[in-house]
Amino acid sequence: GIGAALDGDPALVRSHCVSKALMLRSQDDAAMVRFAVMQVIGRLRHDAAAADVRRIVLELRSAARSRMSDPSPMVRFAAFRVVCADLPPADVGGEAAQALVAQSDDLLRRVAQEAENVRTYVCKALEAIFLRLPIHKGTLQPLARLAAAQDTDKCQGVRELLRTHGAAHGDDAFLHSMRCLACDAVDSLRHFAEHGAMGGTAAGSVAGTAALLEQIGVECPGALCEHIDTVL
């Protein structure tokens with residue numbers, strides 16, 4: 001089939017017939033066909049590919065995002081895996097950083113209603129991006145942006161990422177990570193208090209940082225002990 005052919009020669013995706021067939025079959029009436037297409041798209045790599053192949057693969061991966069609303073649970077899960085694999089690292093800048101937060105927020109809201117294995121997979125993928133060890137000063141801002149985006153949902157998604165981090169690394173490492181984040185968050189809020197937050201972006205950073213600090217306090221109260229006077 002198409003999948004086996006592309007496994008042997010990924011450049012075959014250049015063929016209009018191949019890419020069109022994948023697009024059409026991603027909307028096939030049979031769930032197993034749609035699932036198989038998600039599997040094929042997930043195996044296509046674009047990072048080291050020629051420009052034309054990269055463009056086509058990105059188009060196919062973009063089409064896969066629509067399958068996150070598929071009526072079939074197995075197709076949705078396969079689509080979630082494709083989307084997670086395509087997310088950039090947390091230290092990207094500019095429009096890519098905004099896209100990462102928007103996509104991650106969307107993923108967390110969607111998986112809230114999914115089966116536990118799907119939620120676990122997505123949370124592990126996002127935890128590896130936003131809470132990659134070692135925790136450092138650059139960890140705070142992307143996570144605070146995500147917290148700001150999640151605030152209307154009481155930051156439940158961000159809290160799930162914190163829980164996932166704790167489960168992945170154990171109590172001692174979790175406490176260390178949360179203390180590092182709490183220190184950076186408190187320093188950031190103190191800076192805003194002393195120098196002011198000008199403009200919507202800065203105000204959003206304050207709200208996101210405060211929301212993140214609140215979630216840290218819920219999941220790891222010990223991380224806030226040394227900052228209790230500042231927090232109160």
# chains A, B, ... in the order shown; residues from 1 in each chain; ligands from 1

$ residues_around --residues "segment 219-224 of chain A" --least-positions-apart "5" --cutoff "10 Å" --atoms "only C-alpha atoms" --output "list in words"
Arg159, Glu160, Leu162, Arg163, Gly166, Asp171, Phe174, Leu175, His176, Ser177, Met178, Arg179, Cys180, Leu181, Ala182, Cys183, Val186, Leu213, Glu214, Asp229, Thr230 and Val231 of chain A

$ closest_atom_pairs --of "segment 94-203 of chain A" --to "segment 46-66 of chain A" --cutoff "12 Å" --atoms "only C-alpha atoms" --output "JSON lines"
{"residue": "A:Gln103", "atom": "CA", "partner": "A:Arg65", "partner_atom": "CA", "distance": 10.0}
{"residue": "A:Asp106", "atom": "CA", "partner": "A:Arg65", "partner_atom": "CA", "distance": 10.7}
{"residue": "A:Leu107", "atom": "CA", "partner": "A:Arg65", "partner_atom": "CA", "distance": 10.1}
{"residue": "A:Arg110", "atom": "CA", "partner": "A:Arg65", "partner_atom": "CA", "distance": 11.6}

$ write_last_selection --atoms "N, CA and C atoms" --output "tab-separated table (two decimals), in the first residue's frame"
chain	number	residue	atom	x	y	z
A	103	GLN	N	-1.55	25.82	20.45
A	103	GLN	CA	-1.75	24.41	20.15
A	103	GLN	C	-1.78	23.57	21.42
A	106	ASP	N	-5.03	24.09	23.20
A	106	ASP	CA	-6.07	23.34	22.48
A	106	ASP	C	-5.99	21.85	22.80
A	107	LEU	N	-4.78	21.31	22.81
A	107	LEU	CA	-4.59	19.88	23.12
A	107	LEU	C	-5.09	19.56	24.53
A	110	ARG	N	-8.87	19.59	24.69
A	110	ARG	CA	-9.47	18.47	23.98
A	110	ARG	C	-9.32	17.16	24.78

$ residues_around --residues "Ala193 of chain A" --least-positions-apart "5" --cutoff "10 Å" --atoms "only C-alpha atoms" --output "mmCIF file with all heavy atoms, in the first residue's frame"
data_model
loop_
_atom_site.group_PDB
_atom_site.id
_atom_site.type_symbol
_atom_site.label_atom_id
_atom_site.label_comp_id
_atom_site.auth_asym_id
_atom_site.auth_seq_id
_atom_site.Cartn_x
_atom_site.Cartn_y
_atom_site.Cartn_z
ATOM 1 N N ASP A 187 10.222 36.143 41.708
ATOM 2 C CA ASP A 187 11.121 37.205 41.229
ATOM 3 C C ASP A 187 10.479 37.995 40.096
ATOM 4 O O ASP A 187 10.594 39.232 40.043
ATOM 5 C CB ASP A 187 12.442 36.600 40.745
ATOM 6 C CG ASP A 187 13.322 36.126 41.884
ATOM 7 O OD1 ASP A 187 13.054 36.503 43.044
ATOM 8 O OD2 ASP A 187 14.289 35.384 41.614
ATOM 9 N N SER A 188 9.812 37.280 39.195
ATOM 10 C CA SER A 188 9.160 37.939 38.069
ATOM 11 C C SER A 188 8.024 38.845 38.542
ATOM 12 O O SER A 188 7.895 39.992 38.092
ATOM 13 C CB SER A 188 8.626 36.889 37.095
ATOM 14 O OG SER A 188 7.960 37.491 36.009
ATOM 15 N N VAL A 206 1.903 38.750 33.796
ATOM 16 C CA VAL A 206 1.632 38.821 35.229
ATOM 17 C C VAL A 206 0.542 37.829 35.599
ATOM 18 O O VAL A 206 0.683 37.056 36.558
ATOM 19 C CB VAL A 206 1.210 40.251 35.640
ATOM 20 C CG1 VAL A 206 0.761 40.262 37.098
ATOM 21 C CG2 VAL A 206 2.350 41.227 35.433
#

$ select_by_dssp --residues "segment 15-213 of chain A" --states "alpha helix (DSSP H)" --output "ChimeraX atom specification"
/A:16-25,31-43,51-65,73-85,94-111,116-130,137-150,156-169,171-195,199-213

$ residues_around --residues "segment 134-151 of chain A" --least-positions-apart "3" --cutoff "8 Å" --atoms "only C-alpha atoms" --output "list in words"
Ala90, Asp91, Ala97, Val101, Ala102, Ser104, Asp105, Phe130, Leu131, Lys154, Cys155, Gln156, Gly157, Val158, Ser177, Cys180, Leu181, Asp184, Ala185, Gly204, Ser205, Ala207, Gly208, Thr209, Ala211 and Leu212 of chain A

$ residues_around --residues "Asp70 of chain A" --least-positions-apart "5" --cutoff "10 Å" --atoms "only C-alpha atoms" --output "PyMOL selection string"
chain A and resi 27+31+34-35+65+75-77+79

$ write_last_selection --atoms "N, CA, C and O atoms" --output "mmCIF file, in the first residue's frame"
data_model
loop_
_atom_site.group_PDB
_atom_site.id
_atom_site.type_symbol
_atom_site.label_atom_id
_atom_site.label_comp_id
_atom_site.auth_asym_id
_atom_site.auth_seq_id
_atom_site.Cartn_x
_atom_site.Cartn_y
_atom_site.Cartn_z
ATOM 1 N N GLN A 27 -10.338 11.075 5.219
ATOM 2 C CA GLN A 27 -11.762 11.353 5.427
ATOM 3 C C GLN A 27 -12.630 10.169 4.993
ATOM 4 O O GLN A 27 -13.832 10.310 4.800
ATOM 5 N N ALA A 31 -13.242 3.819 9.702
ATOM 6 C CA ALA A 31 -12.332 4.310 10.730
ATOM 7 C C ALA A 31 -10.946 3.686 10.601
ATOM 8 O O ALA A 31 -9.933 4.350 10.834
ATOM 9 N N ARG A 34 -8.962 5.630 8.061
ATOM 10 C CA ARG A 34 -8.524 6.924 8.597
ATOM 11 C C ARG A 34 -7.392 6.728 9.600
ATOM 12 O O ARG A 34 -6.429 7.492 9.630
ATOM 13 N N PHE A 35 -7.513 5.696 10.425
ATOM 14 C CA PHE A 35 -6.470 5.382 11.396
ATOM 15 C C PHE A 35 -5.150 5.058 10.690
ATOM 16 O O PHE A 35 -4.082 5.550 11.078
ATOM 17 N N ARG A 65 -4.622 17.347 12.008
ATOM 18 C CA ARG A 65 -5.172 18.015 13.195
ATOM 19 C C ARG A 65 -6.695 17.956 13.221
ATOM 20 O O ARG A 65 -7.306 17.869 14.290
ATOM 21 N N VAL A 75 -8.817 6.833 15.989
ATOM 22 C CA VAL A 75 -8.351 7.821 15.008
ATOM 23 C C VAL A 75 -7.945 9.110 15.721
ATOM 24 O O VAL A 75 -6.919 9.711 15.403
ATOM 25 N N ARG A 76 -8.754 9.502 16.712
ATOM 26 C CA ARG A 76 -8.412 10.706 17.475
ATOM 27 C C ARG A 76 -7.059 10.536 18.165
ATOM 28 O O ARG A 76 -6.219 11.432 18.148
ATOM 29 N N PHE A 77 -6.845 9.385 18.779
ATOM 30 C CA PHE A 77 -5.580 9.143 19.476
ATOM 31 C C PHE A 77 -4.409 9.208 18.498
ATOM 32 O O PHE A 77 -3.363 9.817 18.785
ATOM 33 N N ALA A 79 -4.307 10.890 15.763
ATOM 34 C CA ALA A 79 -4.151 12.292 15.375
ATOM 35 C C ALA A 79 -3.442 13.078 16.472
ATOM 36 O O ALA A 79 -2.581 13.925 16.195
#

$ atom_distance --atom1 "atom CA of Thr120 of chain A" --atom2 "atom CA of Asp28 of chain A"
27.8 Å

$ closest_residue --among "A:Arg190, A:Arg45, A:His195, A:Arg132" --to "His165 of chain A" --atoms "only C-alpha atoms"
A:Arg132

$ residues_around --residues "Cys123 of chain A" --least-positions-apart "6" --cutoff "8 Å" --atoms "only C-alpha atoms" --output "list in words"
Leu108, Glu160, Leu161 and Thr164 of chain A

$ closest_residue --among "A:Glu95, A:Asp172, A:Glu114, A:Asp86" --to "Ile129 of chain A" --atoms "only C-alpha atoms"
A:Asp86

$ decode --residues "segment 35-61 of chain A" --atoms "N, CA, C and O atoms" --output "PDB file, in the first residue's frame"
ATOM      1  N   PHE A  35      -7.513   5.696  10.425  1.00  0.00           N
ATOM      2  CA  PHE A  35      -6.470   5.382  11.396  1.00  0.00           C
ATOM      3  C   PHE A  35      -5.150   5.058  10.690  1.00  0.00           C
ATOM      4  O   PHE A  35      -4.082   5.550  11.078  1.00  0.00           O
ATOM      5  N   ALA A  36      -5.221   4.253   9.646  1.00  0.00           N
ATOM      6  CA  ALA A  36      -4.012   3.875   8.902  1.00  0.00           C
ATOM      7  C   ALA A  36      -3.350   5.100   8.279  1.00  0.00           C
ATOM      8  O   ALA A  36      -2.113   5.209   8.272  1.00  0.00           O
ATOM      9  N   VAL A  37      -4.150   6.035   7.792  1.00  0.00           N
ATOM     10  CA  VAL A  37      -3.599   7.258   7.203  1.00  0.00           C
ATOM     11  C   VAL A  37      -2.879   8.083   8.270  1.00  0.00           C
ATOM     12  O   VAL A  37      -1.794   8.630   8.022  1.00  0.00           O
ATOM     13  N   MET A  38      -3.473   8.174   9.473  1.00  0.00           N
ATOM     14  CA  MET A  38      -2.812   8.906  10.563  1.00  0.00           C
ATOM     15  C   MET A  38      -1.465   8.262  10.891  1.00  0.00           C
ATOM     16  O   MET A  38      -0.474   8.952  11.150  1.00  0.00           O
ATOM     17  N   GLN A  39      -1.423   6.941  10.864  1.00  0.00           N
ATOM     18  CA  GLN A  39      -0.177   6.233  11.127  1.00  0.00           C
ATOM     19  C   GLN A  39       0.880   6.563  10.072  1.00  0.00           C
ATOM     20  O   GLN A  39       2.054   6.781  10.388  1.00  0.00           O
ATOM     21  N   VAL A  40       0.460   6.575   8.822  1.00  0.00           N
ATOM     22  CA  VAL A  40       1.387   6.883   7.729  1.00  0.00           C
ATOM     23  C   VAL A  40       1.902   8.314   7.852  1.00  0.00           C
ATOM     24  O   VAL A  40       3.113   8.573   7.754  1.00  0.00           O
ATOM     25  N   ILE A  41       0.994   9.259   8.083  1.00  0.00           N
ATOM     26  CA  ILE A  41       1.391  10.664   8.200  1.00  0.00           C
ATOM     27  C   ILE A  41       2.338  10.848   9.385  1.00  0.00           C
ATOM     28  O   ILE A  41       3.315  11.599   9.314  1.00  0.00           O
ATOM     29  N   GLY A  42       2.071  10.132  10.463  1.00  0.00           N
ATOM     30  CA  GLY A  42       2.918  10.231  11.640  1.00  0.00           C
ATOM     31  C   GLY A  42       4.341   9.762  11.401  1.00  0.00           C
ATOM     32  O   GLY A  42       5.270  10.214  12.075  1.00  0.00           O
ATOM     33  N   ARG A  43       4.514   8.848  10.455  1.00  0.00           N
ATOM     34  CA  ARG A  43       5.864   8.328  10.171  1.00  0.00           C
ATOM     35  C   ARG A  43       6.626   9.195   9.182  1.00  0.00           C
ATOM     36  O   ARG A  43       7.839   9.028   9.016  1.00  0.00           O
ATOM     37  N   LEU A  44       5.949  10.113   8.525  1.00  0.00           N
ATOM     38  CA  LEU A  44       6.626  10.985   7.564  1.00  0.00           C
ATOM     39  C   LEU A  44       7.441  12.038   8.301  1.00  0.00           C
ATOM     40  O   LEU A  44       6.938  12.724   9.182  1.00  0.00           O
ATOM     41  N   ARG A  45       8.697  12.160   7.962  1.00  0.00           N
ATOM     42  CA  ARG A  45       9.563  13.152   8.586  1.00  0.00           C
ATOM     43  C   ARG A  45       9.784  14.323   7.623  1.00  0.00           C
ATOM     44  O   ARG A  45       9.874  14.129   6.415  1.00  0.00           O
ATOM     45  N   HIS A  46       9.889  15.507   8.177  1.00  0.00           N
ATOM     46  CA  HIS A  46      10.075  16.691   7.337  1.00  0.00           C
ATOM     47  C   HIS A  46      11.265  17.540   7.751  1.00  0.00           C
ATOM     48  O   HIS A  46      11.677  18.437   7.023  1.00  0.00           O
ATOM     49  N   ASP A  47      11.855  17.248   8.926  1.00  0.00           N
ATOM     50  CA  ASP A  47      12.900  18.139   9.430  1.00  0.00           C
ATOM     51  C   ASP A  47      14.152  18.170   8.552  1.00  0.00           C
ATOM     52  O   ASP A  47      14.796  19.204   8.432  1.00  0.00           O
ATOM     53  N   ALA A  48      14.508  17.037   7.955  1.00  0.00           N
ATOM     54  CA  ALA A  48      15.715  17.008   7.121  1.00  0.00           C
ATOM     55  C   ALA A  48      15.374  16.812   5.648  1.00  0.00           C
ATOM     56  O   ALA A  48      16.238  16.494   4.836  1.00  0.00           O
ATOM     57  N   ALA A  49      14.117  16.996   5.299  1.00  0.00           N
ATOM     58  CA  ALA A  49      13.673  16.742   3.935  1.00  0.00           C
ATOM     59  C   ALA A  49      13.905  17.962   3.040  1.00  0.00           C
ATOM     60  O   ALA A  49      14.131  19.078   3.513  1.00  0.00           O
ATOM     61  N   ALA A  50      13.839  17.719   1.741  1.00  0.00           N
ATOM     62  CA  ALA A  50      13.926  18.813   0.774  1.00  0.00           C
ATOM     63  C   ALA A  50      12.721  19.735   0.964  1.00  0.00           C
ATOM     64  O   ALA A  50      11.688  19.330   1.500  1.00  0.00           O
ATOM     65  N   ALA A  51      12.858  20.972   0.499  1.00  0.00           N
ATOM     66  CA  ALA A  51      11.837  21.984   0.754  1.00  0.00           C
ATOM     67  C   ALA A  51      10.453  21.567   0.258  1.00  0.00           C
ATOM     68  O   ALA A  51       9.447  21.763   0.945  1.00  0.00           O
ATOM     69  N   ASP A  52      10.377  20.981  -0.943  1.00  0.00           N
ATOM     70  CA  ASP A  52       9.061  20.623  -1.475  1.00  0.00           C
ATOM     71  C   ASP A  52       8.435  19.471  -0.694  1.00  0.00           C
ATOM     72  O   ASP A  52       7.226  19.455  -0.438  1.00  0.00           O
ATOM     73  N   VAL A  53       9.272  18.501  -0.281  1.00  0.00           N
ATOM     74  CA  VAL A  53       8.761  17.391   0.531  1.00  0.00           C
ATOM     75  C   VAL A  53       8.308  17.903   1.890  1.00  0.00           C
ATOM     76  O   VAL A  53       7.248  17.506   2.390  1.00  0.00           O
ATOM     77  N   ARG A  54       9.091  18.804   2.470  1.00  0.00           N
ATOM     78  CA  ARG A  54       8.747  19.368   3.775  1.00  0.00           C
ATOM     79  C   ARG A  54       7.399  20.085   3.717  1.00  0.00           C
ATOM     80  O   ARG A  54       6.571  19.945   4.624  1.00  0.00           O
ATOM     81  N   ARG A  55       7.172  20.835   2.652  1.00  0.00           N
ATOM     82  CA  ARG A  55       5.906  21.566   2.523  1.00  0.00           C
ATOM     83  C   ARG A  55       4.726  20.603   2.456  1.00  0.00           C
ATOM     84  O   ARG A  55       3.701  20.805   3.120  1.00  0.00           O
ATOM     85  N   ILE A  56       4.851  19.540   1.675  1.00  0.00           N
ATOM     86  CA  ILE A  56       3.767  18.580   1.522  1.00  0.00           C
ATOM     87  C   ILE A  56       3.489  17.846   2.840  1.00  0.00           C
ATOM     88  O   ILE A  56       2.330  17.664   3.242  1.00  0.00           O
ATOM     89  N   VAL A  57       4.562  17.437   3.526  1.00  0.00           N
ATOM     90  CA  VAL A  57       4.395  16.729   4.805  1.00  0.00           C
ATOM     91  C   VAL A  57       3.713  17.635   5.825  1.00  0.00           C
ATOM     92  O   VAL A  57       2.830  17.191   6.568  1.00  0.00           O
ATOM     93  N   LEU A  58       4.103  18.898   5.862  1.00  0.00           N
ATOM     94  CA  LEU A  58       3.483  19.840   6.792  1.00  0.00           C
ATOM     95  C   LEU A  58       2.002  20.028   6.475  1.00  0.00           C
ATOM     96  O   LEU A  58       1.174  20.172   7.384  1.00  0.00           O
ATOM     97  N   GLU A  59       1.657  20.035   5.204  1.00  0.00           N
ATOM     98  CA  GLU A  59       0.244  20.137   4.814  1.00  0.00           C
ATOM     99  C   GLU A  59      -0.532  18.911   5.287  1.00  0.00           C
ATOM    100  O   GLU A  59      -1.664  19.027   5.777  1.00  0.00           O
ATOM    101  N   LEU A  60       0.076  17.732   5.139  1.00  0.00           N
ATOM    102  CA  LEU A  60      -0.586  16.506   5.578  1.00  0.00           C
ATOM    103  C   LEU A  60      -0.735  16.483   7.103  1.00  0.00           C
ATOM    104  O   LEU A  60      -1.776  16.071   7.632  1.00  0.00           O
ATOM    105  N   ARG A  61       0.292  16.935   7.808  1.00  0.00           N
ATOM    106  CA  ARG A  61       0.224  16.967   9.264  1.00  0.00           C
ATOM    107  C   ARG A  61      -0.812  17.990   9.731  1.00  0.00           C
ATOM    108  O   ARG A  61      -1.491  17.787  10.743  1.00  0.00           O
TER     109      ARG A  61
END
